[in-house]
file data-v8.pdb (PDB, C-alpha atoms)
ATOM      1  CA  MET R   1     100.006  74.115  93.207
ATOM      2  CA  GLU R   2     101.037  70.729  91.822
ATOM      3  CA  ASN R   3     104.169  70.416  89.696
ATOM      4  CA  TYR R   4     102.106  69.351  86.684
ATOM      5  CA  TYR R   5      98.669  68.246  85.470
ATOM      6  CA  HIS R   6      97.734  65.665  82.842
ATOM      7  CA  GLU R   7      94.633  67.665  81.930
ATOM      8  CA  LEU R   8      94.333  71.433  81.826
ATOM      9  CA  PRO R   9      92.526  72.384  85.059
ATOM     10  CA  GLU R  10      89.203  74.185  84.804
ATOM     11  CA  GLY R  11      89.432  77.956  84.631
ATOM     12  CA  TYR R  12      92.744  78.150  82.768
ATOM     13  CA  LYS R  13      92.925  79.741  79.332
ATOM     14  CA  ALA R  14      95.728  80.032  76.778
ATOM     15  CA  ILE R  15      97.176  83.543  76.789
ATOM     16  CA  LYS R  16     100.443  83.269  74.823
ATOM     17  CA  THR R  17     102.361  80.908  72.557
ATOM     18  CA  ILE R  18     106.032  80.897  71.570
ATOM     19  CA  ASP R  19     106.712  78.736  68.517
ATOM     20  CA  ALA R  20     110.381  78.261  67.571
ATOM     21  CA  LYS R  21     109.276  76.862  64.198
ATOM     22  CA  ASP R  22     107.525  80.114  63.264
ATOM     23  CA  LYS R  23     109.518  82.003  60.584
ATOM     24  CA  LYS R  24     109.385  85.378  62.324
ATOM     25  CA  THR R  25     110.413  83.818  65.632
ATOM     26  CA  ILE R  26     113.305  81.981  63.938
ATOM     27  CA  ILE R  27     114.607  85.213  62.368
ATOM     28  CA  TRP R  28     114.233  87.211  65.595
ATOM     29  CA  PHE R  29     115.837  84.530  67.787
ATOM     30  CA  ASN R  30     118.767  84.083  65.390
ATOM     31  CA  LEU R  31     119.460  87.813  65.132
ATOM     32  CA  VAL R  32     119.449  88.169  68.916
ATOM     33  CA  ALA R  33     121.551  84.989  69.252
ATOM     34  CA  ILE R  34     124.260  86.430  66.977
ATOM     35  CA  ILE R  35     124.391  89.621  69.060
ATOM     36  CA  MET R  36     124.577  87.581  72.271
ATOM     37  CA  MET R  37     127.377  85.418  70.850
ATOM     38  CA  VAL R  38     129.463  88.509  70.044
ATOM     39  CA  ILE R  39     128.789  89.968  73.504
ATOM     40  CA  ALA R  40     129.835  86.668  75.112
ATOM     41  CA  ALA R  41     133.033  86.182  73.117
ATOM     42  CA  LEU R  42     134.384  89.728  72.870
ATOM     43  CA  PRO R  43     135.526  90.267  76.493
ATOM     44  CA  PHE R  44     137.532  87.019  76.506
ATOM     45  CA  LEU R  45     139.119  87.763  73.107
ATOM     46  CA  VAL R  46     140.096  91.267  74.226
ATOM     47  CA  LEU R  47     141.412  90.257  77.650
ATOM     48  CA  LYS R  48     143.465  87.306  76.372
ATOM     49  CA  PRO R  49     144.192  87.504  72.611
ATOM     50  CA  VAL R  50     145.135  84.199  70.974
ATOM     51  CA  ASP R  51     148.138  83.771  68.657
ATOM     52  CA  MET R  52     146.773  82.022  65.528
ATOM     53  CA  SER R  53     150.105  81.727  63.692
ATOM     54  CA  ASN R  54     150.574  77.963  64.227
ATOM     55  CA  ARG R  55     148.771  76.449  61.249
ATOM     56  CA  ASP R  56     149.394  72.899  62.482
ATOM     57  CA  MET R  57     146.716  73.532  65.098
ATOM     58  CA  TYR R  58     143.949  74.454  62.624
ATOM     59  CA  ILE R  59     142.585  70.932  62.092
ATOM     60  CA  PRO R  60     142.662  69.957  65.809
ATOM     61  CA  PHE R  61     141.033  73.306  66.584
ATOM     62  CA  VAL R  62     138.182  72.703  64.110
ATOM     63  CA  LEU R  63     137.680  69.166  65.482
ATOM     64  CA  ILE R  64     137.557  70.386  69.093
ATOM     65  CA  VAL R  65     135.067  73.130  68.225
ATOM     66  CA  SER R  66     132.860  70.767  66.203
ATOM     67  CA  ILE R  67     132.806  68.003  68.816
ATOM     68  CA  GLY R  68     132.427  70.543  71.636
ATOM     69  CA  MET R  69     129.439  72.246  69.997
ATOM     70  CA  ILE R  70     127.647  68.945  69.337
ATOM     71  CA  ALA R  71     128.348  67.769  72.903
ATOM     72  CA  TYR R  72     127.124  71.073  74.312
ATOM     73  CA  ILE R  73     123.836  70.983  72.363
ATOM     74  CA  ILE R  74     123.165  67.437  73.590
ATOM     75  CA  LEU R  75     124.035  68.335  77.198
ATOM     76  CA  HIS R  76     121.909  71.491  77.025
ATOM     77  CA  GLU R  77     118.781  69.546  76.036
ATOM     78  CA  LEU R  78     119.514  66.713  78.465
ATOM     79  CA  THR R  79     119.703  69.302  81.259
ATOM     80  CA  HIS R  80     116.215  70.574  80.397
ATOM     81  CA  GLY R  81     115.063  66.957  80.338
ATOM     82  CA  LEU R  82     116.695  66.069  83.650
ATOM     83  CA  ILE R  83     114.851  68.859  85.465
ATOM     84  CA  TYR R  84     111.536  67.929  83.854
ATOM     85  CA  LYS R  85     112.136  64.275  84.773
ATOM     86  CA  ILE R  86     112.986  65.094  88.406
ATOM     87  CA  TYR R  87     109.835  67.170  88.883
ATOM     88  CA  THR R  88     107.327  65.247  86.737
ATOM     89  CA  LYS R  89     108.654  61.716  86.054
ATOM     90  CA  GLN R  90     106.856  62.006  82.696
ATOM     91  CA  LYS R  91     107.945  60.932  79.200
ATOM     92  CA  LEU R  92     110.260  63.425  77.498
ATOM     93  CA  THR R  93     110.460  64.264  73.828
ATOM     94  CA  PHE R  94     113.676  65.343  72.099
ATOM     95  CA  GLY R  95     114.159  66.659  68.596
ATOM     96  CA  LEU R  96     116.280  68.621  66.185
ATOM     97  CA  THR R  97     115.306  70.858  63.298
ATOM     98  CA  LEU R  98     117.432  73.017  61.042
ATOM     99  CA  PHE R  99     117.147  75.918  63.495
ATOM    100  CA  VAL R 100     116.403  74.453  66.920
ATOM    101  CA  ALA R 101     117.226  71.509  69.175
ATOM    102  CA  PHE R 102     114.569  70.853  71.769
ATOM    103  CA  CYS R 103     113.325  68.895  74.753
ATOM    104  CA  GLY R 104     109.764  68.960  75.984
ATOM    105  CA  VAL R 105     107.020  67.246  77.953
ATOM    106  CA  PRO R 106     104.136  67.605  75.485
ATOM    107  CA  ASN R 107     101.470  65.603  77.308
ATOM    108  CA  ILE R 108     101.295  67.623  80.525
ATOM    109  CA  TYR R 109     100.807  71.153  81.843
ATOM    110  CA  VAL R 110     103.734  72.204  84.021
ATOM    111  CA  SER R 111     103.685  74.705  86.890
ATOM    112  CA  LYS R 112     105.419  78.069  86.595
ATOM    113  CA  LYS R 113     108.072  77.041  89.149
ATOM    114  CA  VAL R 114     109.028  73.835  87.325
ATOM    115  CA  SER R 115     108.953  75.637  83.981
ATOM    116  CA  LEU R 116     111.342  78.324  85.233
ATOM    117  CA  VAL R 117     113.781  75.844  86.767
ATOM    118  CA  SER R 118     113.848  73.666  83.637
ATOM    119  CA  VAL R 119     114.140  76.564  81.200
ATOM    120  CA  LEU R 120     116.921  78.334  83.128
ATOM    121  CA  ALA R 121     118.936  75.252  84.183
ATOM    122  CA  PRO R 122     121.240  75.004  81.120
ATOM    123  CA  PHE R 123     121.966  78.746  81.062
ATOM    124  CA  VAL R 124     122.903  78.835  84.736
ATOM    125  CA  LEU R 125     124.746  75.495  84.891
ATOM    126  CA  TYR R 126     126.940  75.907  81.802
ATOM    127  CA  SER R 127     127.652  79.589  82.471
ATOM    128  CA  VAL R 128     128.888  78.609  85.938
ATOM    129  CA  ILE R 129     131.110  75.922  84.383
ATOM    130  CA  LEU R 130     132.405  77.762  81.309
ATOM    131  CA  ILE R 131     133.098  81.280  82.631
ATOM    132  CA  PRO R 132     135.563  80.242  85.388
ATOM    133  CA  THR R 133     137.134  77.733  82.968
ATOM    134  CA  LEU R 134     137.791  80.520  80.456
ATOM    135  CA  ILE R 135     139.147  82.857  83.139
ATOM    136  CA  LEU R 136     141.649  80.226  84.300
ATOM    137  CA  MET R 137     142.731  78.870  80.885
ATOM    138  CA  PRO R 138     145.871  80.103  79.119
ATOM    139  CA  ALA R 139     145.369  81.915  75.795
ATOM    140  CA  ASN R 140     145.849  79.068  73.323
ATOM    141  CA  TYR R 141     143.818  77.198  70.682
ATOM    142  CA  LEU R 142     141.886  75.260  73.318
ATOM    143  CA  TYR R 143     140.981  78.565  74.967
ATOM    144  CA  LEU R 144     139.717  79.901  71.636
ATOM    145  CA  ALA R 145     137.680  76.732  71.102
ATOM    146  CA  PHE R 146     136.094  77.174  74.533
ATOM    147  CA  ILE R 147     135.294  80.814  73.732
ATOM    148  CA  ILE R 148     133.391  79.667  70.638
ATOM    149  CA  ILE R 149     131.547  76.979  72.615
ATOM    150  CA  PHE R 150     130.703  79.554  75.308
ATOM    151  CA  ALA R 151     129.432  81.959  72.644
ATOM    152  CA  VAL R 152     127.263  79.187  71.167
ATOM    153  CA  HIS R 153     125.974  78.450  74.667
ATOM    154  CA  PHE R 154     125.183  82.094  75.370
ATOM    155  CA  GLY R 155     123.523  82.746  72.017
ATOM    156  CA  GLY R 156     121.796  79.380  72.034
ATOM    157  CA  CYS R 157     119.994  80.266  75.259
ATOM    158  CA  VAL R 158     118.097  83.149  73.644
ATOM    159  CA  GLY R 159     114.880  81.126  73.441
ATOM    160  CA  ASP R 160     115.229  79.939  77.035
ATOM    161  CA  LEU R 161     115.811  83.483  78.270
ATOM    162  CA  TYR R 162     112.826  84.751  76.300
ATOM    163  CA  VAL R 163     110.585  82.056  77.810
ATOM    164  CA  THR R 164     111.972  82.967  81.256
ATOM    165  CA  ASN R 165     111.119  86.621  80.662
ATOM    166  CA  VAL R 166     107.557  85.697  79.668
ATOM    167  CA  LEU R 167     107.118  83.466  82.722
ATOM    168  CA  LEU R 168     108.414  86.132  85.104
ATOM    169  CA  LYS R 169     106.090  88.771  83.651
ATOM    170  CA  LEU R 170     102.980  86.603  83.866
ATOM    171  CA  LYS R 171     101.107  87.068  87.141
ATOM    172  CA  GLY R 172      98.750  84.752  88.972
ATOM    173  CA  LYS R 173      98.567  80.977  88.553
ATOM    174  CA  ILE R 174     100.399  79.943  85.389
ATOM    175  CA  LEU R 175     100.843  76.604  83.630
ATOM    176  CA  MET R 176     102.971  75.870  80.586
ATOM    177  CA  ASN R 177     102.639  73.147  77.976
ATOM    178  CA  ASP R 178     106.064  72.539  76.439
ATOM    179  CA  THR R 179     106.188  70.441  73.278
ATOM    180  CA  GLY R 180     109.854  71.391  72.801
ATOM    181  CA  PRO R 181     109.778  73.882  69.962
ATOM    182  CA  LYS R 182     106.490  75.393  71.182
ATOM    183  CA  GLN R 183     105.498  76.681  74.613
ATOM    184  CA  THR R 184     101.897  77.594  75.351
ATOM    185  CA  PHE R 185     101.143  79.562  78.525
ATOM    186  CA  TYR R 186      97.888  79.238  80.438
ATOM    187  CA  GLN R 187      96.621  81.591  83.131
ATOM    188  CA  LEU R 188      93.912  80.940  85.680
ATOM    189  CA  ASP R 189      90.999  83.317  85.226
ATOM    190  CA  GLU R 190      90.312  84.279  88.840
ATOM    191  CA  ASN R 191      86.856  85.538  87.854
ATOM    192  CA  ALA R 192      85.828  82.276  86.228
ATOM    193  CA  ILE R 193      83.322  80.091  88.047
ATOM    194  CA  VAL R 194      85.100  76.785  88.497
ATOM    195  CA  SER R 195      84.224  73.678  90.407
ATOM    196  CA  GLU R 196      87.710  73.113  91.727
ATOM    197  CA  PHE R 197      90.867  75.205  91.779
ATOM    198  CA  PRO R 198      94.347  73.638  91.820
ATOM    199  CA  GLU R 199      95.950  73.855  95.222
TER     200      GLU R 199
END

call {"tool": "encode", "arguments": {"input": "data-v8.pdb", "output": "structure tokens"}}
result
Amino acid sequence: MENYYHELPEGYKAIKTIDAKDKKTIIWFNLVAIIMMVIAALPFLVLKPVDMSNRDMYIPFVLIVSIGMIAYIILHELTHGLIYKIYTKQKLTFGLTLFVAFCGVPNIYVSKKVSLVSVLAPFVLYSVILIPTLILMPANYLYLAFIIIFAVHFGGCVGDLYVTNVLLKLKGKILMNDTGPKQTFYQLDENAIVSEFPE
């Protein structure tokens, strides 16, 4: 199978859509994200409690957290984009709404393999970077800031992990159209009479 197609190949039909702009999806994703953030932060807070008595550190702490969260969101979406670019060389689209930052390749239909690699890349990459960093850091304000950024990372990947789960459950030949906030999944109908199947 090719990495992507400009036109939906014959025999494929839409079987599922995930729309991060849908109100029910927004509520569900945010509730799960909050739970995931608590699960991510709690072990580090319990293992290495932070002394918050030095009030002179409050403003630097808030600045580090704010800048770190913005930088992380940008890096997260750029990581999705980098994988899409490597595999497809196609034009990317980036955006930000009140509830979701996104990267997509709206004009093509991407293979299951490329979709999985792109969707999972930020979760894997930044978990591998942040978890050892937190284990090695001393329990100070910077450590606490990194815990918050890690929690945002973990909770912020809820949509990516949901898309991954959908992709892994879908059998047969699968393509995905990713506009950024919306992913539409297409499955090849093996019983359909088609003139040409993708390799």

call {"tool": "atom_distance", "arguments": {"input": "data-v8.pdb", "atom1": "atom CA of Leu130 of chain R", "atom2": "atom CA of Phe150 of chain R"}}
result
6.5 Å

call {"tool": "closest_residue", "arguments": {"input": "data-v8.pdb", "among": "R:Asn177, R:Asn191, R:Asn54, R:Thr184", "to": "Ile18 of chain R", "atoms": "all atoms listed in the file"}}
result
R:Thr184

call {"tool": "residues_around", "arguments": {"input": "data-v8.pdb", "residues": "segment 67-75 of chain R", "least_positions_apart": "4", "cutoff": "12 Å", "atoms": "all atoms listed in the file", "output": "tab-separated table (two decimals) with C-alpha atoms, in the frame of the given file"}}
result
chain	number	residue	atom	x	y	z
R	60	PRO	CA	142.66	69.96	65.81
R	61	PHE	CA	141.03	73.31	66.58
R	62	VAL	CA	138.18	72.70	64.11
R	63	LEU	CA	137.68	69.17	65.48
R	79	THR	CA	119.70	69.30	81.26
R	80	HIS	CA	116.22	70.57	80.40
R	81	GLY	CA	115.06	66.96	80.34
R	82	LEU	CA	116.70	66.07	83.65
R	94	PHE	CA	113.68	65.34	72.10
R	95	GLY	CA	114.16	66.66	68.60
R	96	LEU	CA	116.28	68.62	66.18
R	100	VAL	CA	116.40	74.45	66.92
R	101	ALA	CA	117.23	71.51	69.18
R	102	PHE	CA	114.57	70.85	71.77
R	103	CYS	CA	113.32	68.90	74.75
R	121	ALA	CA	118.94	75.25	84.18
R	122	PRO	CA	121.24	75.00	81.12
R	123	PHE	CA	121.97	78.75	81.06
R	125	LEU	CA	124.75	75.50	84.89
R	126	TYR	CA	126.94	75.91	81.80
R	127	SER	CA	127.65	79.59	82.47
R	129	ILE	CA	131.11	75.92	84.38
R	130	LEU	CA	132.40	77.76	81.31
R	142	LEU	CA	141.89	75.26	73.32
R	144	LEU	CA	139.72	79.90	71.64
R	145	ALA	CA	137.68	76.73	71.10
R	146	PHE	CA	136.09	77.17	74.53
R	147	ILE	CA	135.29	80.81	73.73
R	148	ILE	CA	133.39	79.67	70.64
R	149	ILE	CA	131.55	76.98	72.61
R	150	PHE	CA	130.70	79.55	75.31
R	151	ALA	CA	129.43	81.96	72.64
R	152	VAL	CA	127.26	79.19	71.17
R	153	HIS	CA	125.97	78.45	74.67
R	154	PHE	CA	125.18	82.09	75.37
R	155	GLY	CA	123.52	82.75	72.02
R	156	GLY	CA	121.80	79.38	72.03
R	157	CYS	CA	119.99	80.27	75.26

call {"tool": "atom_distance", "arguments": {"input": "data-v8.pdb", "atom1": "atom CA of Ile26 of chain R", "atom2": "atom CA of Leu92 of chain R"}}
result
23.2 Å

call {"tool": "resolve_selection", "arguments": {"input": "data-v8.pdb", "expression": "the PyMOL selection byres ((chain R and resi 84) around 12)", "output": "CSV table (one decimal) with C-alpha atoms, in the frame of the given file"}}
result
chain,number,residue,atom,x,y,z
R,3,ASN,CA,104.2,70.4,89.7
R,4,TYR,CA,102.1,69.4,86.7
R,77,GLU,CA,118.8,69.5,76.0
R,78,LEU,CA,119.5,66.7,78.5
R,79,THR,CA,119.7,69.3,81.3
R,80,HIS,CA,116.2,70.6,80.4
R,81,GLY,CA,115.1,67.0,80.3
R,82,LEU,CA,116.7,66.1,83.6
R,83,ILE,CA,114.9,68.9,85.5
R,85,LYS,CA,112.1,64.3,84.8
R,86,ILE,CA,113.0,65.1,88.4
R,87,TYR,CA,109.8,67.2,88.9
R,88,THR,CA,107.3,65.2,86.7
R,89,LYS,CA,108.7,61.7,86.1
R,90,GLN,CA,106.9,62.0,82.7
R,91,LYS,CA,107.9,60.9,79.2
R,92,LEU,CA,110.3,63.4,77.5
R,93,THR,CA,110.5,64.3,73.8
R,103,CYS,CA,113.3,68.9,74.8
R,104,GLY,CA,109.8,69.0,76.0
R,105,VAL,CA,107.0,67.2,78.0
R,106,PRO,CA,104.1,67.6,75.5
R,108,ILE,CA,101.3,67.6,80.5
R,109,TYR,CA,100.8,71.2,81.8
R,110,VAL,CA,103.7,72.2,84.0
R,111,SER,CA,103.7,74.7,86.9
R,113,LYS,CA,108.1,77.0,89.1
R,114,VAL,CA,109.0,73.8,87.3
R,115,SER,CA,109.0,75.6,84.0
R,116,LEU,CA,111.3,78.3,85.2
R,117,VAL,CA,113.8,75.8,86.8
R,118,SER,CA,113.8,73.7,83.6
R,119,VAL,CA,114.1,76.6,81.2
R,120,LEU,CA,116.9,78.3,83.1
R,121,ALA,CA,118.9,75.3,84.2
R,177,ASN,CA,102.6,73.1,78.0
R,178,ASP,CA,106.1,72.5,76.4
R,180,GLY,CA,109.9,71.4,72.8

call {"tool": "resolve_selection", "arguments": {"input": "data-v8.pdb", "expression": "the PyMOL selection byres ((chain R and resi 29) around 12)", "output": "PyMOL selection string"}}
result
chain R and resi 18-28+30-37+99-100+155-163

call {"tool": "residues_near_point", "arguments": {"input": "data-v8.pdb", "point": "(148.2, 83.0, 67.1)", "cutoff": "12 Å", "atoms": "all atoms listed in the file", "output": "list of chain:residue names"}}
result
R:Leu45, R:Lys48, R:Pro49, R:Val50, R:Asp51, R:Met52, R:Ser53, R:Asn54, R:Arg55, R:Asp56, R:Met57, R:Tyr58, R:Ala139, R:Asn140, R:Tyr141, R:Leu142, R:Tyr143, R:Leu144

call {"tool": "axis_aligned_box", "arguments": {"input": "data-v8.pdb", "around": "segment 95-109 of chain R", "padding_each_side": "5 Å", "output": "JSON"}}
result
{"center_x": 109.1, "center_y": 70.8, "center_z": 71.4, "size_x": 26.6, "size_y": 20.3, "size_z": 30.8}

call {"tool": "residues_around", "arguments": {"input": "data-v8.pdb", "residues": "Leu188 of chain R", "least_positions_apart": "5", "cutoff": "8 Å", "atoms": "only C-alpha atoms", "output": "number ranges by chain"}}
result
R: 11-13, 172-174

call {"tool": "atom_distance", "arguments": {"input": "data-v8.pdb", "atom1": "atom CA of Val124 of chain R", "atom2": "atom CA of Thr17 of chain R"}}
result
24.0 Å

call {"tool": "closest_residue", "arguments": {"input": "data-v8.pdb", "among": "R:Met1, R:Leu136, R:Ile15, R:Ile64", "to": "Asp189 of chain R", "atoms": "all atoms listed in the file"}}
result
R:Ile15

call {"tool": "closest_residue", "arguments": {"input": "data-v8.pdb", "among": "R:Val128, R:Leu98, R:Ala41, R:Leu175", "to": "Ala14 of chain R", "atoms": "only C-alpha atoms"}}
result
R:Leu175

call {"tool": "decode", "arguments": {"input": "data-v8.pdb", "residues": "segment 113-138 of chain R", "atoms": "C-alpha atoms", "output": "JSON list (two decimals), in the first residue's frame"}}
result
[["chain", "number", "residue", "atom", "x", "y", "z"],
["R", 113, "LYS", "CA", 0.91, 2.86, 9.00],
["R", 114, "VAL", "CA", 1.69, 6.54, 8.39],
["R", 115, "SER", "CA", -1.37, 7.58, 10.40],
["R", 116, "LEU", "CA", -0.27, 5.51, 13.39],
["R", 117, "VAL", "CA", 3.32, 6.77, 13.31],
["R", 118, "SER", "CA", 2.23, 10.42, 13.03],
["R", 119, "VAL", "CA", -0.48, 10.19, 15.68],
["R", 120, "LEU", "CA", 1.72, 8.38, 18.23],
["R", 121, "ALA", "CA", 4.99, 10.27, 17.62],
["R", 122, "PRO", "CA", 4.46, 13.13, 20.13],
["R", 123, "PHE", "CA", 3.22, 10.81, 22.89],
["R", 124, "VAL", "CA", 6.19, 8.47, 22.54],
["R", 125, "LEU", "CA", 8.87, 11.12, 21.93],
["R", 126, "TYR", "CA", 7.97, 13.52, 24.75],
["R", 127, "SER", "CA", 7.24, 10.73, 27.24],
["R", 128, "VAL", "CA", 10.72, 9.35, 26.55],
["R", 129, "ILE", "CA", 12.21, 12.81, 27.12],
["R", 130, "LEU", "CA", 10.15, 14.00, 30.09],
["R", 131, "ILE", "CA", 9.90, 10.87, 32.28],
["R", 132, "PRO", "CA", 13.68, 10.33, 32.70],
["R", 133, "THR", "CA", 14.13, 14.10, 33.14],
["R", 134, "LEU", "CA", 11.64, 14.09, 36.02],
["R", 135, "ILE", "CA", 13.22, 11.01, 37.60],
["R", 136, "LEU", "CA", 16.66, 12.65, 37.59],
["R", 137, "MET", "CA", 15.64, 16.19, 38.64],
["R", 138, "PRO", "CA", 15.83, 17.37, 42.26]]
